[in-house]
>>> print(open('coords30.pdb').read())   # PDB, C-alpha atoms
ATOM      1  CA  MET H   1    -172.216 -25.076 116.375
ATOM      2  CA  ASP H   2    -170.601 -23.445 119.424
ATOM      3  CA  LEU H   3    -170.806 -26.737 121.351
ATOM      4  CA  VAL H   4    -169.188 -28.681 118.485
ATOM      5  CA  LEU H   5    -166.378 -26.117 118.331
ATOM      6  CA  ARG H   6    -165.919 -26.335 122.108
ATOM      7  CA  PHE H   7    -165.789 -30.144 121.901
ATOM      8  CA  LEU H   8    -163.210 -30.151 119.096
ATOM      9  CA  ILE H   9    -160.955 -27.475 120.636
ATOM     10  CA  GLY H  10    -161.198 -29.014 124.131
ATOM     11  CA  GLY H  11    -160.439 -32.505 122.812
ATOM     12  CA  ALA H  12    -157.505 -31.236 120.739
ATOM     13  CA  VAL H  13    -155.911 -29.271 123.610
ATOM     14  CA  VAL H  14    -156.328 -32.145 126.108
ATOM     15  CA  SER H  15    -154.858 -34.616 123.563
ATOM     16  CA  ALA H  16    -151.901 -32.305 122.846
ATOM     17  CA  PHE H  17    -151.013 -32.092 126.561
ATOM     18  CA  ALA H  18    -151.473 -35.889 126.883
ATOM     19  CA  ILE H  19    -149.033 -36.544 124.003
ATOM     20  CA  VAL H  20    -146.415 -34.197 125.517
ATOM     21  CA  ALA H  21    -146.839 -35.929 128.911
ATOM     22  CA  ASP H  22    -146.361 -39.367 127.275
ATOM     23  CA  LEU H  23    -143.084 -38.199 125.712
ATOM     24  CA  LEU H  24    -141.490 -36.817 128.882
ATOM     25  CA  LYS H  25    -139.460 -38.474 131.609
ATOM     26  CA  PRO H  26    -139.093 -38.910 134.539
ATOM     27  CA  ARG H  27    -142.616 -40.019 135.439
ATOM     28  CA  GLY H  28    -143.043 -37.487 138.248
ATOM     29  CA  PHE H  29    -142.219 -34.629 135.867
ATOM     30  CA  ALA H  30    -144.598 -36.005 133.195
ATOM     31  CA  GLY H  31    -147.239 -36.138 135.936
ATOM     32  CA  LEU H  32    -147.217 -32.314 136.055
ATOM     33  CA  PHE H  33    -149.293 -32.488 132.869
ATOM     34  CA  GLY H  34    -152.088 -34.205 134.791
ATOM     35  CA  ALA H  35    -152.822 -30.698 136.068
ATOM     36  CA  ALA H  36    -152.264 -28.915 132.758
ATOM     37  CA  PRO H  37    -154.601 -25.989 131.973
ATOM     38  CA  SER H  38    -156.102 -27.863 129.007
ATOM     39  CA  VAL H  39    -159.826 -27.233 129.616
ATOM     40  CA  ALA H  40    -159.038 -23.705 130.825
ATOM     41  CA  LEU H  41    -157.127 -22.766 127.658
ATOM     42  CA  ALA H  42    -159.869 -24.052 125.363
ATOM     43  CA  THR H  43    -162.693 -22.493 127.407
ATOM     44  CA  LEU H  44    -161.081 -19.117 128.148
ATOM     45  CA  ALA H  45    -160.114 -18.531 124.514
ATOM     46  CA  LEU H  46    -163.734 -19.087 123.427
ATOM     47  CA  THR H  47    -165.231 -17.252 126.422
ATOM     48  CA  THR H  48    -163.095 -14.137 125.877
ATOM     49  CA  ALA H  49    -164.137 -14.048 122.219
ATOM     50  CA  HIS H  50    -167.882 -14.594 122.913
ATOM     51  CA  ASP H  51    -168.596 -13.057 126.321
ATOM     52  CA  GLY H  52    -165.728 -10.614 126.881
ATOM     53  CA  SER H  53    -162.721 -10.460 129.187
ATOM     54  CA  ALA H  54    -164.674  -9.351 132.314
ATOM     55  CA  TYR H  55    -166.697 -12.601 132.171
ATOM     56  CA  ALA H  56    -163.470 -14.616 131.709
ATOM     57  CA  ALA H  57    -161.862 -12.825 134.681
ATOM     58  CA  VAL H  58    -164.713 -13.979 136.966
ATOM     59  CA  GLU H  59    -164.133 -17.552 135.775
ATOM     60  CA  CYS H  60    -160.408 -17.233 136.568
ATOM     61  CA  HIS H  61    -161.082 -16.207 140.185
ATOM     62  CA  SER H  62    -163.139 -19.374 140.686
ATOM     63  CA  MET H  63    -160.498 -21.373 138.881
ATOM     64  CA  LEU H  64    -158.041 -20.525 141.687
ATOM     65  CA  VAL H  65    -160.310 -22.460 144.069
ATOM     66  CA  GLY H  66    -160.717 -25.285 141.530
ATOM     67  CA  ALA H  67    -156.918 -25.566 141.225
ATOM     68  CA  VAL H  68    -156.521 -26.013 145.003
ATOM     69  CA  ALA H  69    -159.248 -28.715 144.853
ATOM     70  CA  LEU H  70    -157.367 -30.420 142.012
ATOM     71  CA  GLY H  71    -154.175 -30.449 144.095
ATOM     72  CA  LEU H  72    -156.023 -32.033 147.042
ATOM     73  CA  TYR H  73    -157.658 -34.579 144.736
ATOM     74  CA  ALA H  74    -154.366 -35.611 143.066
ATOM     75  CA  TRP H  75    -152.642 -35.827 146.480
ATOM     76  CA  ALA H  76    -155.469 -38.035 147.830
ATOM     77  CA  VAL H  77    -155.334 -40.333 144.781
ATOM     78  CA  GLY H  78    -151.558 -40.648 145.217
ATOM     79  CA  ARG H  79    -152.019 -41.643 148.871
ATOM     80  CA  LEU H  80    -154.828 -44.128 148.104
ATOM     81  CA  VAL H  81    -152.831 -45.811 145.333
ATOM     82  CA  GLY H  82    -149.312 -45.526 146.772
ATOM     83  CA  ARG H  83    -149.965 -46.181 150.468
ATOM     84  CA  ARG H  84    -153.286 -48.071 150.571
ATOM     85  CA  HIS H  85    -152.632 -49.984 147.311
ATOM     86  CA  MET H  86    -156.108 -49.211 146.021
ATOM     87  CA  GLU H  87    -156.660 -49.851 142.298
ATOM     88  CA  THR H  88    -156.038 -46.697 140.247
ATOM     89  CA  LEU H  89    -159.358 -46.508 138.368
ATOM     90  CA  PRO H  90    -161.640 -46.666 141.444
ATOM     91  CA  ALA H  91    -159.269 -44.346 143.342
ATOM     92  CA  THR H  92    -159.513 -41.689 140.609
ATOM     93  CA  LEU H  93    -163.285 -42.121 140.230
ATOM     94  CA  TYR H  94    -164.211 -42.119 143.942
ATOM     95  CA  GLY H  95    -161.632 -39.373 144.470
ATOM     96  CA  ILE H  96    -163.688 -37.050 142.238
ATOM     97  CA  MET H  97    -165.927 -36.605 145.301
ATOM     98  CA  ILE H  98    -162.930 -34.945 147.015
ATOM     99  CA  TRP H  99    -162.627 -32.473 144.132
ATOM    100  CA  PHE H 100    -166.339 -31.612 144.304
ATOM    101  CA  ALA H 101    -166.331 -31.291 148.108
ATOM    102  CA  ALA H 102    -163.170 -29.137 148.166
ATOM    103  CA  ALA H 103    -164.111 -26.965 145.174
ATOM    104  CA  PHE H 104    -167.692 -26.220 146.255
ATOM    105  CA  GLY H 105    -166.753 -26.022 149.963
ATOM    106  CA  MET H 106    -164.130 -23.337 149.266
ATOM    107  CA  PHE H 107    -166.425 -21.636 146.752
ATOM    108  CA  TRP H 108    -169.186 -21.272 149.350
ATOM    109  CA  GLY H 109    -166.669 -20.369 152.038
ATOM    110  CA  PHE H 110    -164.643 -17.723 150.207
ATOM    111  CA  LEU H 111    -166.208 -16.644 146.927
ATOM    112  CA  ARG H 112    -169.969 -16.667 147.276
TER
ATOM    113  CA  MET E   1    -132.856 -35.798 134.593
ATOM    114  CA  ILE E   2    -135.653 -34.309 132.510
ATOM    115  CA  GLY E   3    -135.733 -35.643 128.954
ATOM    116  CA  ILE E   4    -137.696 -37.299 126.187
ATOM    117  CA  ASP E   5    -138.605 -40.963 126.358
ATOM    118  CA  GLY E   6    -140.802 -42.388 123.612
ATOM    119  CA  SER E   7    -141.558 -45.734 125.309
ATOM    120  CA  GLU E   8    -144.773 -44.555 127.027
ATOM    121  CA  TRP E   9    -145.896 -42.902 123.772
ATOM    122  CA  LYS E  10    -145.229 -46.082 121.775
ATOM    123  CA  GLN E  11    -147.302 -48.099 124.263
ATOM    124  CA  THR E  12    -150.284 -45.772 123.951
ATOM    125  CA  ARG E  13    -152.876 -47.083 121.511
ATOM    126  CA  LEU E  14    -154.941 -44.907 119.161
ATOM    127  CA  ARG E  15    -158.147 -45.666 121.078
ATOM    128  CA  GLU E  16    -156.500 -44.450 124.280
ATOM    129  CA  TYR E  17    -155.790 -41.090 122.602
ATOM    130  CA  LEU E  18    -159.338 -41.058 121.220
ATOM    131  CA  LEU E  19    -160.678 -41.679 124.732
ATOM    132  CA  ARG E  20    -158.723 -38.702 126.068
ATOM    133  CA  PHE E  21    -159.901 -36.566 123.123
ATOM    134  CA  VAL E  22    -163.557 -37.431 123.839
ATOM    135  CA  ILE E  23    -163.205 -36.882 127.618
ATOM    136  CA  GLY E  24    -161.398 -33.552 127.083
ATOM    137  CA  GLY E  25    -163.969 -32.372 124.536
ATOM    138  CA  ALA E  26    -166.900 -33.473 126.704
ATOM    139  CA  ILE E  27    -165.579 -31.726 129.825
ATOM    140  CA  THR E  28    -164.930 -28.503 127.879
ATOM    141  CA  VAL E  29    -168.551 -28.602 126.622
ATOM    142  CA  ILE E  30    -169.895 -29.372 130.138
ATOM    143  CA  ALA E  31    -167.813 -26.525 131.660
ATOM    144  CA  GLY E  32    -169.309 -24.132 129.081
ATOM    145  CA  LEU E  33    -172.866 -25.339 129.736
ATOM    146  CA  ILE E  34    -172.432 -25.024 133.526
ATOM    147  CA  ALA E  35    -171.119 -21.460 133.103
ATOM    148  CA  LYS E  36    -174.159 -20.605 130.930
ATOM    149  CA  ARG E  37    -176.659 -22.145 133.355
ATOM    150  CA  PHE E  38    -175.144 -21.147 136.736
ATOM    151  CA  GLY E  39    -172.923 -18.181 135.809
ATOM    152  CA  PRO E  40    -169.159 -17.702 135.357
ATOM    153  CA  ALA E  41    -168.333 -17.970 139.085
ATOM    154  CA  VAL E  42    -169.552 -21.586 139.262
ATOM    155  CA  GLY E  43    -168.426 -22.380 135.705
ATOM    156  CA  GLY E  44    -164.899 -21.216 136.544
ATOM    157  CA  LEU E  45    -164.482 -24.010 139.080
ATOM    158  CA  PHE E  46    -164.694 -26.519 136.243
ATOM    159  CA  LEU E  47    -161.746 -24.930 134.407
ATOM    160  CA  ALA E  48    -159.640 -26.852 136.955
ATOM    161  CA  PHE E  49    -161.689 -30.049 136.781
ATOM    162  CA  PRO E  50    -159.432 -33.148 136.564
ATOM    163  CA  ALA E  51    -160.084 -33.740 132.861
ATOM    164  CA  ILE E  52    -156.912 -35.529 131.833
ATOM    165  CA  PHE E  53    -155.687 -36.890 135.165
ATOM    166  CA  PRO E  54    -157.912 -39.996 135.755
ATOM    167  CA  ALA E  55    -157.326 -41.404 132.255
ATOM    168  CA  SER E  56    -153.592 -40.598 132.308
ATOM    169  CA  VAL E  57    -152.835 -42.090 135.711
ATOM    170  CA  THR E  58    -154.860 -45.241 134.919
ATOM    171  CA  LEU E  59    -152.935 -45.678 131.658
ATOM    172  CA  VAL E  60    -149.607 -45.200 133.463
ATOM    173  CA  GLU E  61    -150.499 -48.086 135.806
ATOM    174  CA  LYS E  62    -151.688 -50.289 132.915
ATOM    175  CA  HIS E  63    -148.599 -49.615 130.777
ATOM    176  CA  GLU E  64    -146.214 -50.305 133.670
ATOM    177  CA  GLU E  65    -147.970 -53.610 134.348
ATOM    178  CA  GLU E  66    -147.788 -54.541 130.646
ATOM    179  CA  LYS E  67    -144.068 -53.683 130.574
ATOM    180  CA  LYS E  68    -143.404 -55.944 133.560
ATOM    181  CA  ALA E  69    -145.620 -58.731 132.140
ATOM    182  CA  LYS E  70    -143.555 -58.683 128.922
ATOM    183  CA  ALA E  71    -140.438 -59.163 131.055
ATOM    184  CA  GLY E  72    -142.189 -62.143 132.704
ATOM    185  CA  VAL E  73    -142.720 -60.360 136.032
ATOM    186  CA  HIS E  74    -146.018 -59.744 137.819
ATOM    187  CA  GLY E  75    -145.945 -55.968 137.939
ATOM    188  CA  HIS E  76    -149.137 -54.991 139.741
ATOM    189  CA  ARG E  77    -147.322 -53.385 142.690
ATOM    190  CA  ARG E  78    -144.908 -51.581 140.339
ATOM    191  CA  GLY E  79    -147.886 -50.295 138.329
ATOM    192  CA  LEU E  80    -149.450 -48.822 141.469
ATOM    193  CA  GLU E  81    -146.147 -47.187 142.437
ATOM    194  CA  ALA E  82    -145.824 -45.629 138.971
ATOM    195  CA  ALA E  83    -149.394 -44.302 139.216
ATOM    196  CA  ALA E  84    -148.661 -42.829 142.675
ATOM    197  CA  VAL E  85    -145.556 -41.020 141.351
ATOM    198  CA  ASN E  86    -147.627 -39.671 138.454
ATOM    199  CA  ALA E  87    -150.262 -38.450 140.936
ATOM    200  CA  ALA E  88    -147.541 -36.708 142.979
ATOM    201  CA  GLY E  89    -146.523 -34.912 139.774
ATOM    202  CA  ALA E  90    -150.114 -33.787 139.192
ATOM    203  CA  THR E  91    -150.286 -32.477 142.790
ATOM    204  CA  LEU E  92    -147.252 -30.289 142.036
ATOM    205  CA  GLY E  93    -148.748 -29.368 138.653
ATOM    206  CA  SER E  94    -151.748 -27.897 140.460
ATOM    207  CA  ILE E  95    -149.382 -25.248 141.904
ATOM    208  CA  GLY E  96    -148.629 -24.316 138.290
ATOM    209  CA  LEU E  97    -152.369 -24.267 137.602
ATOM    210  CA  LEU E  98    -152.803 -21.781 140.463
ATOM    211  CA  ALA E  99    -150.146 -19.581 138.816
ATOM    212  CA  PHE E 100    -152.029 -19.919 135.502
ATOM    213  CA  ALA E 101    -155.337 -18.825 137.052
ATOM    214  CA  ALA E 102    -153.729 -15.922 138.963
ATOM    215  CA  ALA E 103    -151.886 -14.668 135.859
ATOM    216  CA  THR E 104    -155.013 -14.879 133.688
ATOM    217  CA  ALA E 105    -157.144 -13.129 136.321
ATOM    218  CA  ALA E 106    -154.567 -10.331 136.565
ATOM    219  CA  LEU E 107    -154.035  -9.839 132.823
ATOM    220  CA  ILE E 108    -157.178 -10.746 130.916
ATOM    221  CA  ARG E 109    -159.059  -7.439 131.333
ATOM    222  CA  ARG E 110    -156.183  -5.200 130.230
ATOM    223  CA  HIS E 111    -154.307  -7.490 127.833
ATOM    224  CA  PRO E 112    -156.765 -10.126 126.553
ATOM    225  CA  GLY E 113    -154.523 -10.962 123.577
ATOM    226  CA  LEU E 114    -151.494 -11.713 125.733
ATOM    227  CA  ALA E 115    -153.145 -13.156 128.841
ATOM    228  CA  LEU E 116    -153.390 -16.829 127.862
ATOM    229  CA  GLY E 117    -149.833 -16.996 126.485
ATOM    230  CA  ALA E 118    -148.400 -15.349 129.604
ATOM    231  CA  ALA E 119    -150.541 -17.578 131.847
ATOM    232  CA  THR E 120    -149.331 -20.725 130.073
ATOM    233  CA  ALA E 121    -145.745 -19.561 130.681
ATOM    234  CA  ALA E 122    -146.680 -18.984 134.359
ATOM    235  CA  TRP E 123    -148.052 -22.557 134.517
ATOM    236  CA  ILE E 124    -144.828 -24.034 133.072
ATOM    237  CA  VAL E 125    -142.600 -21.995 135.425
ATOM    238  CA  GLY E 126    -144.809 -22.613 138.496
ATOM    239  CA  ALA E 127    -145.105 -26.360 137.887
ATOM    240  CA  ALA E 128    -141.393 -26.800 137.067
ATOM    241  CA  LEU E 129    -140.296 -24.835 140.152
ATOM    242  CA  ALA E 130    -142.632 -26.868 142.376
ATOM    243  CA  TRP E 131    -141.185 -30.075 140.913
ATOM    244  CA  LEU E 132    -137.561 -28.916 141.364
ATOM    245  CA  CYS E 133    -138.236 -27.929 145.020
ATOM    246  CA  TRP E 134    -139.890 -31.308 145.631
ATOM    247  CA  LYS E 135    -136.896 -33.133 144.102
ATOM    248  CA  ARG E 136    -134.479 -31.107 146.239
ATOM    249  CA  ILE E 137    -136.419 -31.862 149.437
ATOM    250  CA  HIS E 138    -136.451 -35.585 148.582
ATOM    251  CA  LYS E 139    -132.729 -35.555 147.793
ATOM    252  CA  SER E 140    -131.825 -33.825 151.082
ATOM    253  CA  ARG E 141    -134.043 -36.291 153.015
ATOM    254  CA  LEU E 142    -132.237 -39.177 151.316
ATOM    255  CA  LEU E 143    -128.823 -37.646 152.112
ATOM    256  CA  ARG E 144    -129.849 -37.169 155.763
ATOM    257  CA  SER E 145    -130.934 -40.832 155.989
ATOM    258  CA  VAL E 146    -127.619 -41.975 154.481
ATOM    259  CA  THR E 147    -125.670 -39.727 156.890
ATOM    260  CA  VAL E 148    -127.583 -41.136 159.875
ATOM    261  CA  LEU E 149    -126.844 -44.688 158.651
ATOM    262  CA  LEU E 150    -123.122 -43.923 158.187
ATOM    263  CA  ASP E 151    -122.829 -42.280 161.635
TER
END
>>> encode(input="coords30.pdb", output="C-alpha cells")
Amino acid sequence: MDLVLRFLIGGAVVSAFAIVADLLKPRGFAGLFGAAPSVALATLALTTAHDGSAYAAVECHSMLVGAVALGLYAWAVGRLVGRRHMETLPATLYGIMIWFAAAFGMFWGFLR
Amino acid sequence: MIGIDGSEWKQTRLREYLLRFVIGGAITVIAGLIAKRFGPAVGGLFLAFPAIFPASVTLVEKHEEEKKAKAGVHGHRRGLEAAAVNAAGATLGSIGLLAFAAATAALIRRHPGLALGAATAAWIVGAALAWLCWKRIHKSRLLRSVTVLLD
C-alpha cells in the first residue's frame, strides 16, 4: 500500500512540475523545472510522516551531493547536445552515468 | 521576458504526460526502496535523481522539430539547440535544488510542518536568481562583443 501511495504521489508531483514547465517561457527559464524537487517533495513528505524528521534530515544531507551531481549531469547533456550535436535521448541516457559517478564519488569522498 | 506560453503545452500529448507520471512515480518508489535497503544516506542521493529531465529535454527537441516541420523547414539543428537551452536551465535549476536541500536539512528537525514549504520557496528563489545572474552575464557578454565590433 505504501509503495502504491509513493507511486501515485511521486507521479502526481512530477506531472505537476512538468505541466508548469510546459506553460512557461522562455525555454531556458522553463528548463529550471528539469531540476525541480519533485521526487524530493513526494519522498520527504512520506518519510517525515513514517520515519521521523531525523531520518529525513539525513536524506537531505545526501541530497546536497545529489543536487551537485544533477547540475553536472545537466551541464554535460547541454554540452553534448549543443556543442557535439549528439541526439538528445542517447545524451540523456548515457549521461546518467555522469550522475551516478558524481553522486557516489562525492558521497564516498565527503559523506561516508 | 518571463511569461506564459501555451504552445508547448498544446503540443504535449496525453501519453507524454502519462509517461512522465509513470517515470516520476517509479523513481519515487525506487528512491524509497533504496533508502530502506541501504539507509537514508544513500537513499537521499536519489532525491536529486534526474527524474523529469531526460523526458522533458527529449520532448523539447521533438516538439521543436515538429514545429519546424509544420513550417516546411528541416528543424533537427533547431531542435538540438532548444534542448541545449533547456539543459542549461536545468543546470541553473540544480542551484535551486541545492538551496532546497540545505533549507530542508536546516529546518526539518525543528519545524517539520514548515520545512517543505520553506524549502520549495528556497528552490524557487535560488533557481530564479541563478537564471537572472546567467541572463545578466550573457547580456553583458553580448554588449561587450557589440562594443568591440563598433570600436
>>> interface_residues(input="coords30.pdb", of="chain E", to="chain H", cutoff="6 Å", atoms="all atoms listed in the file", output="MDAnalysis selection string")
chainID E and resid 2:6 8:9 21:22 24:26 28:29 40:41 44:45 47:48 52:54 58 80:81 84:87 89:91 93:94 97:98 101 105 108:109
>>> closest_residue(input="coords30.pdb", among="E:Lys135, E:Arg15, E:Ala51, E:Ala118", to="Ala31 in chain E", atoms="all atoms listed in the file")
E:Ala51
>>> axis_aligned_box(input="coords30.pdb", around="range 35-54 of chain E", padding_each_side="6 Å", output="lines of an AutoDock Vina configuration file")
center_x = -166.2
center_y = -28.8
center_z = 135.1
size_x = 33.0
size_y = 34.3
size_z = 20.3
>>> closest_residue(input="coords30.pdb", among="E:Gly43, E:Ala82, E:Ile23, E:Arg141", to="Val60 in chain E", atoms="only C-alpha atoms")
E:Ala82
>>> atom_distance(input="coords30.pdb", atom1="CA of Ala121 in chain E", atom2="CA of Gly96 in chain E")
9.4 Å
>>> atom_distance(input="coords30.pdb", atom1="CA of Lys62 in chain E", atom2="CA of Gly79 in chain E")
6.6 Å
>>> atom_distance(input="coords30.pdb", atom1="CA of Tyr94 in chain H", atom2="CA of Arg13 in chain E")
25.6 Å
>>> residues_around(input="coords30.pdb", residues="Arg78 in chain E", least_positions_apart="4", cutoff="9 Å", atoms="all atoms listed in the file", output="compact mmCIF listing (two decimals) with C-alpha atoms, keeping the file's coordinate frame")
# COMPACT_ATOMS: atom_id res chain seq x y z
CA GLU E 61 -150.50 -48.09 135.81
CA GLU E 64 -146.21 -50.30 133.67
CA GLU E 65 -147.97 -53.61 134.35
CA LYS E 68 -143.40 -55.94 133.56
CA HIS E 74 -146.02 -59.74 137.82
CA ALA E 82 -145.82 -45.63 138.97
CA ALA E 83 -149.39 -44.30 139.22
>>> build_atoms(input="coords30.pdb", residues="range 1-30 of chain H", atoms="N, CA and C atoms", output="compact mmCIF listing (two decimals), in the coordinates of the input")
# COMPACT_ATOMS: atom_id res chain seq x y z
N MET H 1 -173.52 -25.27 117.03
CA MET H 1 -172.22 -25.08 116.38
C MET H 1 -171.14 -24.73 117.41
N ASP H 2 -171.53 -23.86 118.37
CA ASP H 2 -170.60 -23.44 119.42
C ASP H 2 -170.16 -24.65 120.26
N LEU H 3 -171.12 -25.55 120.53
CA LEU H 3 -170.81 -26.74 121.35
C LEU H 3 -169.85 -27.67 120.61
N VAL H 4 -170.07 -27.82 119.29
CA VAL H 4 -169.19 -28.68 118.48
C VAL H 4 -167.77 -28.11 118.49
N LEU H 5 -167.69 -26.78 118.33
CA LEU H 5 -166.38 -26.12 118.33
C LEU H 5 -165.68 -26.30 119.68
N ARG H 6 -166.46 -26.12 120.77
CA ARG H 6 -165.92 -26.34 122.11
C ARG H 6 -165.38 -27.76 122.26
N PHE H 7 -166.18 -28.73 121.79
CA PHE H 7 -165.79 -30.14 121.90
C PHE H 7 -164.48 -30.40 121.16
N LEU H 8 -164.40 -29.89 119.92
CA LEU H 8 -163.21 -30.15 119.10
C LEU H 8 -161.97 -29.47 119.68
N ILE H 9 -162.12 -28.20 120.08
CA ILE H 9 -160.96 -27.48 120.64
C ILE H 9 -160.53 -28.10 121.97
N GLY H 10 -161.50 -28.39 122.83
CA GLY H 10 -161.20 -29.01 124.13
C GLY H 10 -160.50 -30.35 123.96
N GLY H 11 -161.04 -31.19 123.07
CA GLY H 11 -160.44 -32.51 122.81
C GLY H 11 -159.03 -32.38 122.27
N ALA H 12 -158.83 -31.41 121.35
CA ALA H 12 -157.50 -31.24 120.74
C ALA H 12 -156.48 -30.76 121.77
N VAL H 13 -156.87 -29.80 122.63
CA VAL H 13 -155.91 -29.27 123.61
C VAL H 13 -155.56 -30.35 124.65
N VAL H 14 -156.58 -31.07 125.13
CA VAL H 14 -156.33 -32.15 126.11
C VAL H 14 -155.42 -33.22 125.49
N SER H 15 -155.68 -33.59 124.23
CA SER H 15 -154.86 -34.62 123.56
C SER H 15 -153.42 -34.13 123.40
N ALA H 16 -153.25 -32.84 123.04
CA ALA H 16 -151.90 -32.30 122.85
C ALA H 16 -151.10 -32.39 124.15
N PHE H 17 -151.71 -32.00 125.27
CA PHE H 17 -151.01 -32.09 126.56
C PHE H 17 -150.72 -33.56 126.92
N ALA H 18 -151.66 -34.47 126.58
CA ALA H 18 -151.47 -35.89 126.88
C ALA H 18 -150.29 -36.46 126.10
N ILE H 19 -150.15 -36.05 124.83
CA ILE H 19 -149.03 -36.54 124.00
C ILE H 19 -147.70 -36.04 124.58
N VAL H 20 -147.66 -34.75 124.95
CA VAL H 20 -146.42 -34.20 125.52
C VAL H 20 -146.06 -34.96 126.81
N ALA H 21 -147.09 -35.21 127.64
CA ALA H 21 -146.84 -35.93 128.91
C ALA H 21 -146.29 -37.33 128.64
N ASP H 22 -146.82 -38.01 127.61
CA ASP H 22 -146.36 -39.37 127.28
C ASP H 22 -144.91 -39.38 126.81
N LEU H 23 -144.45 -38.25 126.27
CA LEU H 23 -143.08 -38.20 125.71
C LEU H 23 -142.02 -37.82 126.75
N LEU H 24 -142.47 -37.33 127.92
CA LEU H 24 -141.49 -36.82 128.88
C LEU H 24 -141.11 -37.83 129.95
N LYS H 25 -139.92 -37.70 130.46
CA LYS H 25 -139.46 -38.47 131.61
C LYS H 25 -138.74 -37.51 132.56
N PRO H 26 -138.58 -37.76 133.80
CA PRO H 26 -139.09 -38.91 134.54
C PRO H 26 -140.61 -38.83 134.76
N ARG H 27 -141.17 -39.90 135.32
CA ARG H 27 -142.62 -40.02 135.44
C ARG H 27 -143.24 -38.91 136.30
N GLY H 28 -142.53 -38.54 137.36
CA GLY H 28 -143.04 -37.49 138.25
C GLY H 28 -143.17 -36.16 137.51
N PHE H 29 -142.18 -35.87 136.65
CA PHE H 29 -142.22 -34.63 135.87
C PHE H 29 -143.35 -34.69 134.84
N ALA H 30 -143.51 -35.83 134.17
CA ALA H 30 -144.60 -36.01 133.20
C ALA H 30 -145.95 -35.85 133.88
